[in-house]
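Shown next: work.txt, given as compact mmCIF, C-alpha atoms and all ligand atoms.
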```
# COMPACT_ATOMS: atom_id res chain seq x y z
CA MET A 14 -15.91 -12.01 -13.98
CA ARG A 15 -16.56 -14.36 -11.02
CA ALA A 16 -14.19 -15.14 -8.17
CA VAL A 17 -15.00 -18.85 -8.38
CA ASP A 18 -13.85 -19.02 -12.03
CA ILE A 19 -10.52 -17.44 -11.08
CA ILE A 20 -10.07 -20.02 -8.29
CA ILE A 21 -10.91 -22.86 -10.70
CA LYS A 22 -8.49 -21.48 -13.30
CA LYS A 23 -5.65 -21.53 -10.78
CA ARG A 24 -6.75 -24.95 -9.57
CA GLU A 25 -6.40 -26.11 -13.19
CA LYS A 26 -2.80 -24.75 -13.20
CA LYS A 27 -3.54 -21.98 -15.72
CA GLU A 28 -1.94 -18.54 -15.76
CA LEU A 29 -4.16 -15.72 -14.43
CA THR A 30 -4.35 -12.45 -16.33
CA SER A 31 -3.55 -9.05 -14.81
CA GLN A 32 -7.28 -8.19 -15.00
CA GLU A 33 -8.31 -11.34 -13.13
CA ILE A 34 -5.76 -10.72 -10.37
CA GLU A 35 -6.76 -7.07 -10.09
CA PHE A 36 -10.48 -8.04 -9.97
CA PHE A 37 -9.89 -10.61 -7.22
CA ILE A 38 -7.72 -8.36 -5.05
CA ARG A 39 -10.07 -5.39 -5.42
CA GLY A 40 -13.11 -7.54 -4.51
CA PHE A 41 -11.34 -9.14 -1.56
CA THR A 42 -10.19 -5.77 -0.24
CA ASN A 43 -13.64 -4.19 -0.34
CA GLY A 44 -15.35 -7.25 1.14
CA GLU A 45 -17.22 -8.41 -1.98
CA ILE A 46 -15.06 -11.53 -2.17
CA PRO A 47 -15.28 -13.42 1.14
CA ASP A 48 -12.46 -14.94 3.18
CA TYR A 49 -13.33 -18.48 2.12
CA GLN A 50 -12.82 -17.72 -1.56
CA ALA A 51 -9.56 -15.88 -0.85
CA SER A 52 -8.38 -18.87 1.21
CA ALA A 53 -9.26 -21.22 -1.66
CA LEU A 54 -7.30 -19.12 -4.15
CA ALA A 55 -4.35 -18.93 -1.73
CA MET A 56 -4.36 -22.73 -1.44
CA ALA A 57 -4.52 -23.12 -5.23
CA ILE A 58 -1.49 -20.80 -5.50
CA VAL A 59 0.40 -22.78 -2.83
CA LEU A 60 -0.24 -25.99 -4.75
CA ASN A 61 0.15 -24.76 -8.33
CA ASP A 62 2.53 -21.79 -8.05
CA MET A 63 2.48 -18.59 -10.11
CA THR A 64 4.62 -17.35 -12.95
CA PRO A 65 6.89 -14.32 -12.34
CA PHE A 66 4.37 -12.21 -14.32
CA GLU A 67 1.46 -13.32 -12.13
CA THR A 68 3.54 -12.67 -9.01
CA ALA A 69 4.42 -9.15 -10.19
CA ASP A 70 0.73 -8.50 -10.99
CA LEU A 71 -0.34 -9.81 -7.59
CA THR A 72 2.25 -7.62 -5.87
CA LEU A 73 1.20 -4.48 -7.72
CA ALA A 74 -2.52 -5.21 -7.21
CA MET A 75 -1.98 -5.60 -3.45
CA ALA A 76 0.24 -2.50 -3.30
CA ARG A 77 -2.53 -0.55 -5.08
CA SER A 78 -5.27 -1.94 -2.82
CA GLY A 79 -4.79 1.17 -0.68
CA GLN A 80 -2.79 4.35 -0.92
CA THR A 81 0.81 4.27 -2.06
CA LEU A 82 3.08 6.74 -0.35
CA ASP A 83 5.46 9.02 -2.17
CA LEU A 84 8.10 9.79 0.44
CA SER A 85 10.43 11.67 -1.89
CA LYS A 86 9.10 15.04 -0.72
CA ILE A 87 9.48 14.08 2.93
CA VAL A 88 12.99 12.62 3.12
CA ASP A 89 15.83 12.43 0.60
CA ILE A 90 15.84 8.64 0.72
CA ALA A 91 13.65 6.27 2.77
CA VAL A 92 15.04 2.78 3.35
CA ASP A 93 13.42 -0.39 4.53
CA LYS A 94 14.49 -3.86 5.53
CA HIS A 95 12.31 -6.96 5.59
CA SER A 96 12.82 -10.55 6.64
CA SER A 97 11.05 -13.43 4.94
CA GLY A 98 10.25 -14.86 8.38
CA GLY A 99 12.07 -16.94 10.93
CA VAL A 100 12.37 -18.04 14.54
CA GLY A 101 13.94 -15.68 17.07
CA ASP A 102 14.23 -13.07 14.32
CA LYS A 103 14.02 -9.74 16.13
CA THR A 104 16.46 -8.12 13.69
CA SER A 105 14.26 -5.18 12.64
CA ILE A 106 13.81 -4.07 16.26
CA ALA A 107 17.57 -3.62 16.65
CA VAL A 108 18.61 -2.72 13.09
CA MET A 109 16.03 -0.03 12.30
CA PRO A 110 17.07 2.15 15.27
CA MET A 111 20.77 1.56 14.52
CA VAL A 112 20.34 2.74 10.96
CA ALA A 113 18.09 5.67 11.87
CA ALA A 114 20.71 6.73 14.43
CA CYS A 115 23.18 6.99 11.52
CA GLY A 116 20.93 9.61 9.95
CA LEU A 117 19.15 7.36 7.47
CA PRO A 118 15.34 7.65 7.70
CA VAL A 119 13.57 4.28 7.99
CA GLY A 120 9.85 3.83 7.44
CA LYS A 121 8.79 0.25 7.83
CA MET A 122 5.56 -1.69 7.62
CA SER A 123 5.91 -5.03 9.43
CA GLY A 124 3.71 -8.04 9.97
CA LYS A 125 2.35 -10.14 12.81
CA GLY A 126 3.43 -13.74 13.43
CA LEU A 127 2.89 -16.05 10.49
CA GLY A 128 2.65 -19.81 11.00
CA PHE A 129 5.60 -20.91 13.16
CA SER A 130 7.52 -17.67 12.50
CA GLY A 131 7.37 -14.69 14.83
CA GLY A 132 6.18 -11.22 13.81
CA THR A 133 7.82 -7.88 14.56
CA LEU A 134 4.48 -6.26 15.40
CA ASP A 135 3.62 -8.89 18.02
CA LYS A 136 7.00 -8.28 19.62
CA LEU A 137 6.58 -4.51 19.67
CA GLU A 138 3.07 -4.84 21.08
CA SER A 139 4.54 -6.37 24.22
CA ILE A 140 5.32 -2.74 25.11
CA PRO A 141 2.08 -1.41 26.61
CA GLY A 142 0.53 1.32 24.49
CA TYR A 143 2.70 0.77 21.38
CA ARG A 144 0.52 1.49 18.34
CA VAL A 145 0.94 -0.55 15.17
CA ASP A 146 -1.97 1.05 13.30
CA LEU A 147 -0.61 4.43 12.22
CA THR A 148 -2.52 6.24 9.50
CA THR A 149 -0.62 7.29 6.40
CA ASP A 150 -0.56 10.89 7.62
CA GLU A 151 0.88 9.77 10.94
CA PHE A 152 3.40 7.60 9.09
CA LYS A 153 4.63 10.54 7.00
CA LYS A 154 4.69 13.00 9.90
CA GLN A 155 6.65 10.64 12.14
CA LEU A 156 9.13 9.78 9.38
CA LYS A 157 9.82 13.45 8.78
CA GLU A 158 10.04 14.44 12.43
CA LYS A 159 11.63 11.37 14.05
CA GLY A 160 13.32 9.59 11.12
CA ILE A 161 11.91 6.22 12.17
CA VAL A 162 8.55 4.43 11.86
CA LEU A 163 7.74 0.77 12.57
CA THR A 164 4.07 0.05 12.07
CA GLY A 165 1.66 -2.48 10.55
CA GLN A 166 -0.56 -2.39 7.50
CA SER A 167 -3.02 0.38 8.14
CA LEU A 168 -6.43 0.35 6.56
CA ASP A 169 -5.06 2.60 3.87
CA LEU A 170 -1.67 0.94 3.11
CA ALA A 171 -1.71 -2.43 1.32
CA PRO A 172 -4.91 -3.50 3.11
CA ALA A 173 -5.24 -6.54 0.82
CA ASP A 174 -2.02 -7.95 2.28
CA GLY A 175 -3.22 -7.27 5.83
CA LYS A 176 -6.34 -9.36 5.20
CA MET A 177 -4.57 -12.06 3.20
CA TYR A 178 -1.73 -12.36 5.72
CA ALA A 179 -4.17 -13.03 8.57
CA LEU A 180 -5.94 -15.70 6.48
CA ARG A 181 -2.72 -17.38 5.39
CA ASP A 182 -1.54 -17.64 8.99
CA VAL A 183 -4.44 -19.96 9.87
CA THR A 184 -5.20 -21.77 6.59
CA GLY A 185 -1.88 -23.51 5.93
CA THR A 186 -1.13 -21.18 3.02
CA VAL A 187 2.07 -19.51 4.12
CA GLU A 188 4.71 -21.55 2.30
CA SER A 189 4.58 -20.30 -1.27
CA ILE A 190 7.18 -18.25 -3.13
CA PRO A 191 4.65 -16.02 -4.97
CA LEU A 192 2.55 -15.44 -1.83
CA ILE A 193 5.55 -14.56 0.33
CA ALA A 194 7.27 -12.47 -2.35
CA SER A 195 4.12 -10.48 -3.17
CA SER A 196 3.23 -10.03 0.52
CA ILE A 197 6.65 -8.59 1.32
CA MET A 198 7.09 -6.47 -1.79
CA CYS A 199 3.58 -4.95 -1.84
CA LYS A 200 4.18 -3.54 1.65
CA LYS A 201 7.54 -2.12 0.64
CA ILE A 202 6.13 -0.54 -2.51
CA ALA A 203 3.03 0.88 -0.77
CA ALA A 204 5.03 2.34 2.11
CA GLY A 205 7.23 4.22 -0.37
CA ALA A 206 10.67 2.83 0.45
CA GLN A 207 13.14 3.89 -2.22
CA ALA A 208 15.81 1.40 -1.15
CA ILE A 209 15.08 -2.05 0.28
CA VAL A 210 17.23 -4.73 1.92
CA LEU A 211 15.59 -8.17 1.96
CA ASP A 212 16.75 -10.73 4.49
CA VAL A 213 15.72 -14.03 2.94
CA LYS A 214 15.89 -16.82 5.50
CA VAL A 215 16.96 -20.33 4.53
CA GLY A 216 16.69 -23.56 6.50
CA LEU A 217 14.56 -25.64 8.82
CA GLY A 218 12.98 -22.62 10.52
CA ALA A 219 12.37 -20.65 7.33
CA PHE A 220 9.69 -20.87 4.66
CA MET A 221 12.46 -21.55 2.14
CA LYS A 222 14.13 -24.83 3.07
CA SER A 223 16.86 -24.92 0.43
CA LEU A 224 19.33 -22.38 -0.90
CA GLU A 225 17.90 -22.98 -4.36
CA GLU A 226 14.36 -21.99 -3.30
CA ALA A 227 15.63 -19.02 -1.30
CA ARG A 228 17.69 -17.81 -4.25
CA LYS A 229 14.66 -18.10 -6.53
CA MET A 230 12.52 -16.04 -4.15
CA ALA A 231 15.28 -13.47 -3.58
CA LYS A 232 15.73 -12.96 -7.33
CA LEU A 233 11.99 -12.65 -7.85
CA MET A 234 11.67 -9.99 -5.15
CA VAL A 235 14.66 -8.04 -6.46
CA GLU A 236 13.10 -8.11 -9.95
CA ILE A 237 9.75 -6.88 -8.60
CA GLY A 238 11.57 -4.14 -6.68
CA LYS A 239 13.32 -3.03 -9.87
CA LEU A 240 10.05 -3.12 -11.81
CA ALA A 241 8.58 -0.77 -9.24
CA GLY A 242 11.64 1.50 -9.50
CA ARG A 243 13.08 0.63 -6.08
CA GLN A 244 16.70 -0.20 -5.40
CA THR A 245 16.60 -3.68 -3.91
CA VAL A 246 19.18 -6.13 -2.57
CA ALA A 247 18.63 -9.52 -0.99
CA LEU A 248 20.77 -11.43 1.51
CA LEU A 249 20.40 -15.16 2.15
CA SER A 250 20.80 -15.90 5.84
CA ASP A 251 20.71 -19.03 7.96
CA MET A 252 17.55 -20.06 9.78
CA ASN A 253 18.29 -23.67 10.67
CA GLN A 254 18.61 -22.81 14.36
CA PRO A 255 16.87 -19.88 16.13
CA LEU A 256 18.59 -16.54 15.69
CA GLY A 257 20.07 -15.30 18.97
CA ASN A 258 18.83 -16.97 22.15
CA ALA A 259 15.33 -15.63 22.76
CA VAL A 260 12.17 -16.93 21.05
CA GLY A 261 8.86 -15.34 22.09
CA ASN A 262 7.58 -11.80 22.01
CA SER A 263 8.68 -10.08 25.24
CA LEU A 264 11.77 -12.25 25.50
CA GLU A 265 12.85 -11.14 22.03
CA MET A 266 12.15 -7.49 22.82
CA VAL A 267 14.46 -7.75 25.81
CA GLU A 268 17.16 -9.38 23.67
CA ALA A 269 16.91 -6.64 21.02
CA ILE A 270 17.20 -3.95 23.73
CA GLU A 271 20.17 -5.77 25.27
CA THR A 272 21.84 -5.83 21.86
CA LEU A 273 21.40 -2.08 21.49
CA HIS A 274 23.06 -1.79 24.91
CA GLY A 275 26.10 -3.61 23.46
CA ARG A 276 25.25 -6.88 25.18
CA GLY A 277 23.11 -9.67 23.73
CA PRO A 278 24.12 -12.88 21.91
CA VAL A 279 27.13 -12.73 19.59
CA ASP A 280 25.36 -14.32 16.59
CA PHE A 281 22.45 -11.90 16.77
CA ARG A 282 24.72 -8.88 17.13
CA GLU A 283 26.81 -10.00 14.14
CA HIS A 284 23.69 -10.59 12.07
CA CYS A 285 22.37 -7.12 12.91
CA LEU A 286 25.68 -5.40 12.14
CA HIS A 287 25.85 -7.05 8.72
CA VAL A 288 22.23 -6.23 7.81
CA ALA A 289 22.65 -2.65 9.08
CA ALA A 290 25.82 -2.24 7.00
CA HIS A 291 23.90 -3.27 3.86
CA VAL A 292 21.07 -0.86 4.66
CA LEU A 293 23.57 1.98 5.18
CA VAL A 294 25.26 1.22 1.86
CA ILE A 295 22.03 1.04 -0.14
CA GLY A 296 20.86 4.20 1.61
CA LYS A 297 24.12 5.92 0.58
CA ARG A 298 25.25 6.73 4.12
CA ALA A 299 28.27 4.42 3.80
CA LYS A 300 30.53 3.93 0.80
CA ASP A 301 31.01 0.22 1.46
CA LEU A 302 30.11 -2.54 3.91
CA ALA A 303 33.22 -1.93 6.04
CA GLU A 304 32.25 1.69 6.60
CA GLY A 305 28.60 0.67 7.16
CA ARG A 306 29.68 -1.76 9.85
CA ILE A 307 31.79 0.87 11.63
CA LEU A 308 28.82 3.26 11.66
CA ALA A 309 26.47 0.52 12.90
CA GLU A 310 28.92 -0.47 15.67
CA LYS A 311 29.17 3.16 16.72
CA SER A 312 25.39 3.44 17.01
CA ILE A 313 25.60 0.70 19.64
CA SER A 314 28.71 1.92 21.49
CA ASP A 315 27.58 5.56 21.75
CA GLY A 316 23.99 4.65 22.72
CA SER A 317 22.43 6.48 19.76
CA GLY A 318 20.71 3.31 18.50
CA LEU A 319 19.07 2.74 21.87
CA GLU A 320 18.05 6.39 21.98
CA LYS A 321 16.38 5.99 18.55
CA LEU A 322 14.42 3.01 19.86
CA ARG A 323 13.22 5.23 22.73
CA VAL A 324 12.20 7.89 20.21
CA LEU A 325 10.31 5.30 18.16
CA VAL A 326 8.47 3.80 21.13
CA GLN A 327 7.51 7.20 22.48
CA ALA A 328 6.32 8.45 19.08
CA GLN A 329 4.05 5.41 18.72
CA GLY A 330 2.51 5.74 22.18
CA GLY A 331 4.49 2.99 23.93
CA ASP A 332 5.68 3.09 27.53
CA VAL A 333 9.35 4.11 27.19
CA SER A 334 10.15 2.98 30.73
CA TYR A 335 10.18 -0.58 29.30
CA ILE A 336 13.21 0.32 27.19
CA ASP A 337 15.04 1.78 30.18
CA ASN A 338 14.03 -1.05 32.45
CA PRO A 339 13.40 -4.28 30.49
CA ALA A 340 12.63 -6.09 33.77
CA LYS A 341 9.19 -4.50 33.40
CA PHE A 342 8.27 -6.73 30.44
CA VAL A 343 5.56 -9.22 31.34
CA ARG A 344 7.00 -12.49 32.70
CA ALA A 345 5.43 -15.94 32.46
CA LYS A 346 4.15 -17.71 35.59
CA PHE A 347 6.38 -20.75 35.11
CA ILE A 348 10.05 -20.58 34.15
CA SER A 349 11.69 -23.96 33.86
CA VAL A 350 15.32 -24.72 33.03
CA VAL A 351 15.85 -27.89 31.01
CA GLU A 352 19.16 -29.64 31.52
CA THR A 353 21.34 -31.26 28.86
CA PRO A 354 20.51 -34.98 28.86
CA ARG A 355 24.02 -36.12 27.84
CA SER A 356 27.45 -34.71 27.07
CA GLY A 357 28.49 -34.12 23.48
CA ILE A 358 28.31 -31.53 20.70
CA ILE A 359 25.11 -29.87 19.51
CA SER A 360 24.59 -30.90 15.88
CA GLN A 361 21.10 -29.44 15.35
CA ILE A 362 18.47 -27.23 16.99
CA ASN A 363 15.47 -27.54 14.73
CA ALA A 364 14.25 -23.94 14.53
CA ARG A 365 10.88 -24.92 13.10
CA SER A 366 10.10 -27.19 16.07
CA VAL A 367 11.12 -24.40 18.45
CA GLY A 368 8.88 -21.94 16.55
CA GLU A 369 5.94 -24.36 16.61
CA ALA A 370 6.44 -25.02 20.32
CA SER A 371 6.42 -21.26 20.92
CA VAL A 372 3.11 -20.91 19.01
CA ASP A 373 1.71 -23.85 21.08
CA LEU A 374 2.68 -22.04 24.28
CA GLY A 375 0.54 -19.12 23.05
CA ALA A 376 3.06 -16.82 21.38
CA GLY A 377 1.27 -17.17 18.00
CA ARG A 378 -2.26 -17.65 16.71
CA ALA A 379 -4.30 -20.78 15.96
CA GLN A 380 -7.20 -18.76 14.53
CA LYS A 381 -7.51 -15.37 12.88
CA GLY A 382 -7.85 -12.62 15.47
CA ASP A 383 -6.72 -14.83 18.41
CA SER A 384 -5.04 -12.90 21.15
CA ILE A 385 -1.48 -13.94 21.93
CA ASP A 386 0.54 -14.37 25.08
CA HIS A 387 3.48 -11.97 25.02
CA ALA A 388 5.27 -13.56 27.98
CA VAL A 389 5.81 -17.12 26.76
CA GLY A 390 8.70 -18.61 24.80
CA PHE A 391 12.20 -19.96 25.19
CA ILE A 392 15.75 -18.96 25.93
CA ILE A 393 18.05 -21.26 23.99
CA HIS A 394 21.36 -21.49 25.87
CA LYS A 395 23.49 -23.46 23.41
CA LYS A 396 24.03 -23.21 19.66
CA VAL A 397 25.01 -25.67 16.93
CA GLY A 398 28.70 -26.58 17.31
CA ASP A 399 28.77 -25.94 21.08
CA GLU A 400 30.17 -28.57 23.39
CA VAL A 401 27.73 -29.43 26.20
CA LYS A 402 28.03 -31.34 29.45
CA LYS A 403 25.30 -33.51 30.91
CA GLY A 404 23.29 -31.58 33.48
CA GLU A 405 24.14 -28.05 32.33
CA PRO A 406 21.29 -25.73 31.28
CA LEU A 407 20.26 -26.39 27.66
CA PHE A 408 17.23 -24.12 27.37
CA GLU A 409 14.63 -22.33 29.44
CA ILE A 410 10.85 -22.50 29.00
CA HIS A 411 8.61 -19.54 29.86
CA ALA A 412 5.00 -20.73 30.10
CA ASN A 413 1.70 -19.78 31.66
CA ASP A 414 0.23 -23.29 31.63
CA GLU A 415 1.82 -26.34 33.22
CA ALA A 416 0.49 -28.87 30.69
CA LYS A 417 1.74 -26.76 27.79
CA LEU A 418 5.09 -26.41 29.54
CA ALA A 419 5.48 -30.20 29.68
CA GLU A 420 4.64 -30.52 25.96
CA ALA A 421 7.05 -27.74 25.04
CA ARG A 422 9.80 -29.36 27.08
CA GLN A 423 9.49 -32.58 25.11
CA LYS A 424 9.26 -30.88 21.73
CA VAL A 425 12.22 -28.55 22.21
CA LEU A 426 14.32 -31.29 23.80
CA THR A 427 13.70 -33.41 20.68
CA ALA A 428 14.60 -30.39 18.51
CA HIS A 429 18.13 -30.56 20.00
CA GLU A 430 20.39 -33.21 18.53
CA ILE A 431 23.59 -34.00 20.41
CA GLY A 432 26.31 -36.06 18.78
CA GLY A 433 29.87 -37.09 19.50
CA ALA A 434 31.72 -35.63 16.51
CA PRO A 435 32.77 -31.97 16.18
CA VAL A 436 30.31 -29.84 14.19
CA PRO A 437 31.27 -26.45 12.70
CA PRO A 438 29.10 -23.51 13.78
CA LEU A 439 26.41 -22.59 11.24
CA PRO A 440 27.18 -19.62 9.00
CA LEU A 441 25.11 -16.47 9.55
CA PHE A 442 24.87 -15.64 5.84
CA TYR A 443 25.15 -17.77 2.70
CA GLU A 444 25.12 -15.13 -0.01
N1 LIG A 501 6.77 -11.59 5.66
C1 LIG A 501 5.69 -11.04 5.05
O1 LIG A 501 5.46 -9.83 5.15
N2 LIG A 501 4.89 -11.84 4.36
C2 LIG A 501 5.10 -13.17 4.22
O2 LIG A 501 4.34 -13.83 3.56
C3 LIG A 501 6.22 -13.74 4.87
C4 LIG A 501 7.05 -12.92 5.59
```
Spell out the structure here as structure tokens.
Amino acid sequence: MRAVDIIIKKREKKELTSQEIEFFIRGFTNGEIPDYQASALAMAIVLNDMTPFETADLTLAMARSGQTLDLSKIVDIAVDKHSSGGVGDKTSIAVMPMVAACGLPVGKMSGKGLGFSGGTLDKLESIPGYRVDLTTDEFKKQLKEKGIVLTGQSLDLAPADGKMYALRDVTGTVESIPLIASSIMCKKIAAGAQAIVLDVKVGLGAFMKSLEEARKMAKLMVEIGKLAGRQTVALLSDMNQPLGNAVGNSLEMVEAIETLHGRGPVDFREHCLHVAAHVLVIGKRAKDLAEGRILAEKSISDGSGLEKLRVLVQAQGGDVSYIDNPAKFVRAKFISVVETPRSGIISQINARSVGEASVDLGAGRAQKGDSIDHAVGFIIHKKVGDEVKKGEPLFEIHANDEAKLAEARQKVLTAHEIGGAPVPPLPLFYE
């Protein structure tokens, strides 16, 4: 078998066999198949799609590219939650500690930023010392002892996805249902989660632009989860405007910490409570969503969620004083408040443009392996449906470069549409 023939077959819109997919993923993982051939195959998949069978084969091949954990001897049930990627989406950083504080062990493998969407690992790495490269033994030990793990793909867990993810970020090959579905599900399967909640984002700032596409991807991932013997549910949530107010790594960390303190933006808090309730139900700690929500709310009001975040950060080598004193997070050199140009009602805040502007400021990568700037980003002050008055603060730019600040100002200002007619607030969840 030759990698080039597999690429050509996909280019010709033909269905790949399990053996071909396995061969390609094994070769790519061990370095026999180079990045340029993997990028070419990824592009052929973006353009020509995959059948559900191919997607399931790709998922299982990537999950098997390293070790697969069996957590059943370590905890009675390990749950996980994963977002399909959005802007301002720091949900895992708040929800995982909330759920763990309710006595449900969570072991999660997250990703770095991807295209215009932010990555949980990049956010966590704004805490000095925080390690995202735990070995499988460390993963298991921490899950057993602390009940919470939030790490990245290690060399021994789904390494094929780690390599592919970094390539996709910089080769325009992110937006593809089979690539996203397999990337998410292979991590979940490899990390041994028995119950999984998928937060599938829909809208301008998501990889799935329509409810129809999002539904298709959600169903595919739930099917793959079932095939692998994992209990899986998917939620479809809005990503037309940024979630919460903060966009950018440190800024989002601070917002997640604030939320665990019982402060933070109302939309983000509501989103987290709903996701946490689902995780608690699937993890059998709550009999229904109402009870799950009460437990999740309690983890905020009694401080146990925040305490779990401390435990997590400490266990992974991070400086816990950042959780107690978020003012320590690195700040950008220039902070500029942009005023509302005219009075009216916000009808749109294009989340994709805000995400792209954040990457341009340095919060994401242009090339594989680029370092990122943890300080830069935005604070969005108004949401869709809000009434605004000319001259009041619309958003805030955090930048380390004056020229980039000026570009970001223009782009994010254009992302805001202000009209005269009333606009209902956007829903948090669709289904
Ligand atoms: N999250 C992932 O882990 N992979 C993707 O491709 C998109 C979101």
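The residues sitting within 7 Å of ligand LIG 501 (chain A), with all atoms listed in the file considered, come out as A:Ser96, A:Ser97, A:Gly98, A:Ser123, A:Gly124, A:Leu127, A:Tyr178, A:Val187, A:Leu192, A:Ile193, A:Ala194, A:Ser196, A:Ile197.
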Residues of segment 262-370 of chain A that approach segment 218-222 of chain A to 9 Å or less, counting only C-alpha atoms: could you list each one with the shortest pair of atoms and its distance in Å to one decimal, rows by chain and increasing residue number, as a Markdown table?
```
| residue | atom | partner | partner_atom | distance |
| --- | --- | --- | --- | --- |
| A:Asn363 | CA | A:Gly218 | CA | 6.9 |
| A:Ala364 | CA | A:Gly218 | CA | 4.4 |
| A:Arg365 | CA | A:Gly218 | CA | 4.0 |
| A:Ser366 | CA | A:Gly218 | CA | 7.7 |
| A:Val367 | CA | A:Gly218 | CA | 8.3 |
| A:Gly368 | CA | A:Gly218 | CA | 7.3 |
```
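Going from atom CA of Thr68 of chain A over to atom CA of Pro191 of chain A, you cover 5.4 Å.
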Please report, as a tab-separated table, each residue of segment 334-420 of chain A lying at most 8 Å from segment 139-161 of chain A, together with the nearest pair of atoms and the separation in Å rounded to one decimal; use all atoms listed in the file, and order rows by chain and ascending residue number.
```
residue	atom	partner	partner_atom	distance
A:Tyr335	CA	A:Ile140	CA	6.8
A:Phe342	CA	A:Ser139	CA	7.3
A:Val343	CA	A:Ser139	CA	7.7
A:His387	CA	A:Ser139	CA	5.8
```
**Item:** A:Val100, A:Met177, A:Ala69, A:Met111 ranked by distance to Leu54 of chain A, top pick (using only C-alpha atoms)
**Value:**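 Among the listed residues, the smallest separation from Leu54 of chain A belongs to A:Met177.
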List as CSV every residue of segment 67-140 of chain A that is in contact with segment 291-311 of chain A, defined as an atom at most 8 Å from one of its atoms (using all atoms listed in the file), together with the nearest atom pair and the distance in Å rounded to one decimal, sorted by chain and then rising number.
```
residue,atom,partner,partner_atom,distance
A:Ile90,CA,A:Gly296,CA,6.8
A:Ala91,CA,A:Gly296,CA,7.6
A:Val92,CA,A:Gly296,CA,6.2
A:Asp93,CA,A:Val292,CA,7.7
A:Lys94,CA,A:Val292,CA,7.3
A:Met111,CA,A:Ala309,CA,6.0
A:Val112,CA,A:Leu293,CA,6.7
A:Cys115,CA,A:Leu308,CA,6.8
A:Gly116,CA,A:Arg298,CA,7.8
A:Leu117,CA,A:Gly296,CA,6.9
```
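Between atom CA of Arg228 of chain A and atom CA of Lys23 of chain A there is a distance of 24.5 Å.
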**Interatomic distance, atom CA of Asp373 of chain A to atom CA of Ala421 of chain A (Å, one decimal)** =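 Distance reported for this atom pair: 7.7 Å.
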**Request:** Name all residues at most 12 Å from segment 427-434 of chain A (count all atoms listed in the file; drop same-chain ones fewer than 6 positions away) and give them as a PyMOL selection string.
**Result:** chain A and resi 217-218+253-255+351-370+393-403+407-408+420-421
**All residues 10 Å or closer to His95 of chain A, only C-alpha atoms, same chain fewer than 3 positions away omitted, as an NGL selection string** = :A and (98 or 104-105 or 121-124 or 197-198 or 200-201 or 209-213 or 247)
